[in-house]
Every structure is written in C-alpha cells, then in structure tokens.
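Data first, discussion second: the structure below is written as structure tokens.
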Amino acid sequence: MPTDYNPSRRTFLLGAASMTALIAGCSTVPGGRSTPIPTRISRPVAPPTQEELVAMYAPVEDGGFSIPAVPFEKIDPRFYRQRVIDPTGEAPGTIVVDTPSRFLYVVEPGGTAMRYGVGIGRDGFAWQGEGVIHWRQAWPRWKPPNEMVARQPSLERYSIANGGMDPGLKNPLGARALYIFQNGEDTLYRLHGSPEWDSIGKAVSSGCVRLMNQDVIDLYDRVPYKARIVVWQ
C-alpha cells in the first residue's frame with residue numbers, strides 16, 4: 001500500500017461524487033449539458049469499504065426528490081460501484097457496456113475504470129456497436145412511443161401526445177437518462193436510473209441499461225458530453 005494512502009480521500013473519490021450532485025420503453029425527450037473529460041488523478045484500486053458503501057448508497061436529496069437508501073448488503077458485491085483496472089483497452093472517457101457480464105465501465109486516464117453493476121432489459125439486448133452520448137437529462141420525462149401505447153393502452157395517459165410521465169421516483173427512467181445516438185440518429189436506447197436495486201446484475205423484463213439511482217447520478221457526473229459508448233453483446 002502506498003505510504004500516502006488516505007482513506008478519507010479514497011472515500012471522497014469513490015463515494016462523494018454521487019452525493020453532490022425500454023428500444024420502446026426507454027423513449028423520452030432528450031436534453032443535457034457539457035461536462036469535462038476526466039483528468040488523470042492518483043487513485044487506489046480496491047473494493048469499496050463498508051464506510052464507502054454506506055456513503056455511496058445513502059439516501060439522496062436530488063432535484064427536489066428524496067431517493068431512498070439502497071440496501072446494498074442484499075446485492076452481490078460484484079455489482080457495487082468500484083474502481084478497477086481497466087479491462088476494455090478503450091480511450092479515457094469511453095463508456096463500455098459489457099452486456100453478458102452486466103457491467104458498465106467508464107474508462108479513466110492511467111489504466112483504471114469506474115465499474116457499475118447494471119440490469120439489462122430485453123431492449124438492451126437488441127443493440128450493439130458504437131455510438132455517442134448525444135444527450136443527457138436529469139429527472140427526465142418518460143414518453144412511451146405510439147407503438148408501445150398501442151400494445152399497452154393503459155399507457156395512453158403517458159403518450160407523446162399527452163406529454164409523457166412526470167419526472168419522479170416512479171418514472172421508468174429514474175433520476176438520470178443518457179441517450180445513445182449513432183450516425184447522428186437516436187437509437188432509442190438509454191442508460192438510465194431505476195429504483196429497482198434488486199434488478200441489478202440481472203436480465204429484466206423491460207428497459208435498456210439500468211443502474212441504481214445513486215449510481216446513475218454518479219455516472220452522469222463523470223461522463224462527458226458526446227462521450228463515445230461501446231456496447232458488447
């Protein structure tokens with residue numbers, strides 16, 4: 001262990017960032033803002049400690065909403081947010097979704113990556129390749145497309161014509177959504193939040209690529225606008 005190792009600083013790097021700050025069922029109206037490309041910093045590579053986990057998955061007040069704590073003890077530790085040696089070989093700032101393993105990586109300078117556990121919906125299995133995060137949205141509205149409403153008439157009140165579902169804890173896109181474009185076109189695939197922490201690490205019945213709300217907030221703050229994304233199937 002390096003002599004300058006500082007547990008409180010490590011906790012800040014891994015945990016504090018999240019505190020400060022469906023093809024079909026994922027659709028909504030895009031929006032976003034610029035963020036800087038991450039810079040090289042000294043960072044330990046180790047699983048999070050109990051103290052760090054408590055901080056990372058504590059209750060969050062964000063955008064006027066109260067996100068409850070995540071009972072992380074009930075989740076496979078592999079799927080906790082954690083810094084790892086980068087296994088992707090991609091350039092810093094790139095997002096990599098490893099669909100079979102249920103991991104999402106944000107590549108950092110210096111050979112490391114921040115790794116998140118994800119749940120993969122049936123729509124998330126239908127797309128692979130490269131794109132960019134063209135839009136980013138905090139507390140997005142959910143607007144199921146007309147085809148989905150035709151299959152599920154109960155969603156009519158959330159249709160595009162009716163303005164969609166208001167942001168909030170029950171919104172399928174959760175606290176944040178990142179929109180994947182390819183060749184200038186919206187793929188309709190999203191990285192998004194979810195209150196369903198027990199779906200992380202699993203294949204789920206709906207959605208694209210979902211993260212716990214605390215993790216998607218952290219992801220949103222790390223990912224630069226126009227970031228390259230690679231999806232492995």
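Residue numbers start at 1 in each chain; chains themselves are named A, B, ... in the order of the structure tokens; ligands are numbered from 1 in the order shown.
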
Excluding same-chain residues fewer than 6 positions from region 60-72 of chain A, what lies within 10 Å of it counting only C-alpha atoms, as a PDB file with C-alpha atoms, in the first residue's frame?
ATOM      1  CA  SER A  18     -22.786  10.714  -6.152  1.00  0.00           C
ATOM      2  CA  MET A  19     -23.836  12.637  -3.084  1.00  0.00           C
ATOM      3  CA  THR A  20     -23.054  16.080  -4.556  1.00  0.00           C
ATOM      4  CA  ALA A  21     -24.501  16.035  -7.254  1.00  0.00           C
ATOM      5  CA  GLN A  50     -18.200  -0.672   4.375  1.00  0.00           C
ATOM      6  CA  LEU A  53     -20.682   1.739   0.631  1.00  0.00           C
ATOM      7  CA  VAL A  54     -22.753   3.430   3.312  1.00  0.00           C
ATOM      8  CA  PHE A  79     -22.160  -5.091  -8.732  1.00  0.00           C
ATOM      9  CA  TYR A  80     -21.178  -2.344  -6.306  1.00  0.00           C
ATOM     10  CA  ALA A 138     -31.621  14.862 -15.120  1.00  0.00           C
ATOM     11  CA  TRP A 139     -35.035  13.652 -13.953  1.00  0.00           C
ATOM     12  CA  PRO A 167     -40.205  13.034 -13.538  1.00  0.00           C
ATOM     13  CA  GLY A 168     -40.062  11.244 -10.214  1.00  0.00           C
ATOM     14  CA  LEU A 169     -39.241   8.107  -8.322  1.00  0.00           C
ATOM     15  CA  GLY A 174     -35.211   7.211 -12.831  1.00  0.00           C
ATOM     16  CA  ALA A 175     -33.002  10.093 -11.754  1.00  0.00           C
ATOM     17  CA  PRO A 195     -35.323   2.364  -8.004  1.00  0.00           C
ATOM     18  CA  GLU A 196     -35.348  -1.413  -8.525  1.00  0.00           C
ATOM     19  CA  TRP A 197     -31.988  -2.165  -6.940  1.00  0.00           C
ATOM     20  CA  ASP A 198     -32.802  -5.873  -6.867  1.00  0.00           C
ATOM     21  CA  MET A 212     -29.345   2.163  -9.302  1.00  0.00           C
ATOM     22  CA  ASN A 213     -30.337   5.817  -8.983  1.00  0.00           C
ATOM     23  CA  GLN A 214     -27.311   6.623  -6.813  1.00  0.00           C
ATOM     24  CA  ILE A 217     -26.217  10.141 -10.720  1.00  0.00           C
TER      25      ILE A 217
END

Which residues in region 67-207 of chain A does DSSP call helix (DSSP H, G or I)? List them as a ChimeraX atom specification. /A:72-74,77-79,146-151,153-158,197-199

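All residues of protein, DNA or RNA that reach within 6 Å of Ala177 (chain A), judged by only C-alpha atoms and not counting those fewer than 4 positions away in the chain, are Arg136, Gln137, Leu191 and His192 of chain A.
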
Can you tell me which residues surround Asp98 (chain A) at a distance of at most 12 Å, considering only C-alpha atoms, apart from same-chain residues fewer than 5 positions away, and format the answer as a PyMOL selection string? chain A and resi 87-88+103-106+115-120+124-125+128-129+201+209+229-233

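CA of Gly111 (chain A) is positioned 19.6 Å from CA of Arg78 (chain A).
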
Could you pull out the strand (DSSP E) residues of region 93-131 of chain A, going by DSSP on the backbone, and write them as a PyMOL selection string? chain A and resi 95-98+103-107+112-117+119-121+129-131

Can you work out the spacing between CA of Val97 (chain A) and CA of Tyr57 (chain A) in Å, to one decimal? 21.6 Å

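If only C-alpha atoms are the atoms counted, then among A:Arg176, A:Gly131, A:Arg157, A:Met56 the closest residue to Lys143 (chain A) is A:Arg157.
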
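If you measure from each of A:Asp215, A:Ser199, A:Val223, A:Val204 to Lys74 (chain A) using only C-alpha atoms, the closest one turns out to be A:Ser199.
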
For CA of His134 (chain A) and CA of Lys226 (chain A), quote the distance in Å rounded to one decimal. 5.2 Å

Have a look at A:Tyr158, A:Arg210, A:Asp186, A:Ile200 and name the one nearest to Leu173 (chain A); count only C-alpha atoms. A:Arg210

For Ala91 (chain A): contacts at 8 Å, only C-alpha atoms, fewer than 2 positions along chain excluded, given as number ranges by chain: A: 89, 93-94, 107-109

Take the residues from that selection and write them out as a CSV table (one decimal), in the first residue's frame, keeping N, CA and C atoms.
chain,number,residue,atom,x,y,z
A,89,GLY,N,-9.4,-1.6,-22.7
A,89,GLY,CA,-8.5,-1.1,-23.7
A,89,GLY,C,-8.9,0.2,-24.4
A,93,GLY,N,-12.6,8.3,-21.0
A,93,GLY,CA,-13.8,9.0,-21.3
A,93,GLY,C,-14.8,8.1,-22.0
A,94,THR,N,-14.4,6.9,-22.5
A,94,THR,CA,-15.3,6.0,-23.2
A,94,THR,C,-16.1,5.2,-22.2
A,107,VAL,N,-14.1,4.5,-18.7
A,107,VAL,CA,-12.6,4.4,-18.7
A,107,VAL,C,-12.0,5.7,-18.2
A,108,GLU,N,-11.0,5.6,-17.4
A,108,GLU,CA,-10.3,6.7,-16.8
A,108,GLU,C,-8.8,6.8,-17.3
A,109,PRO,N,-8.2,7.9,-17.2
A,109,PRO,CA,-6.8,8.0,-17.6
A,109,PRO,C,-6.0,7.2,-16.6
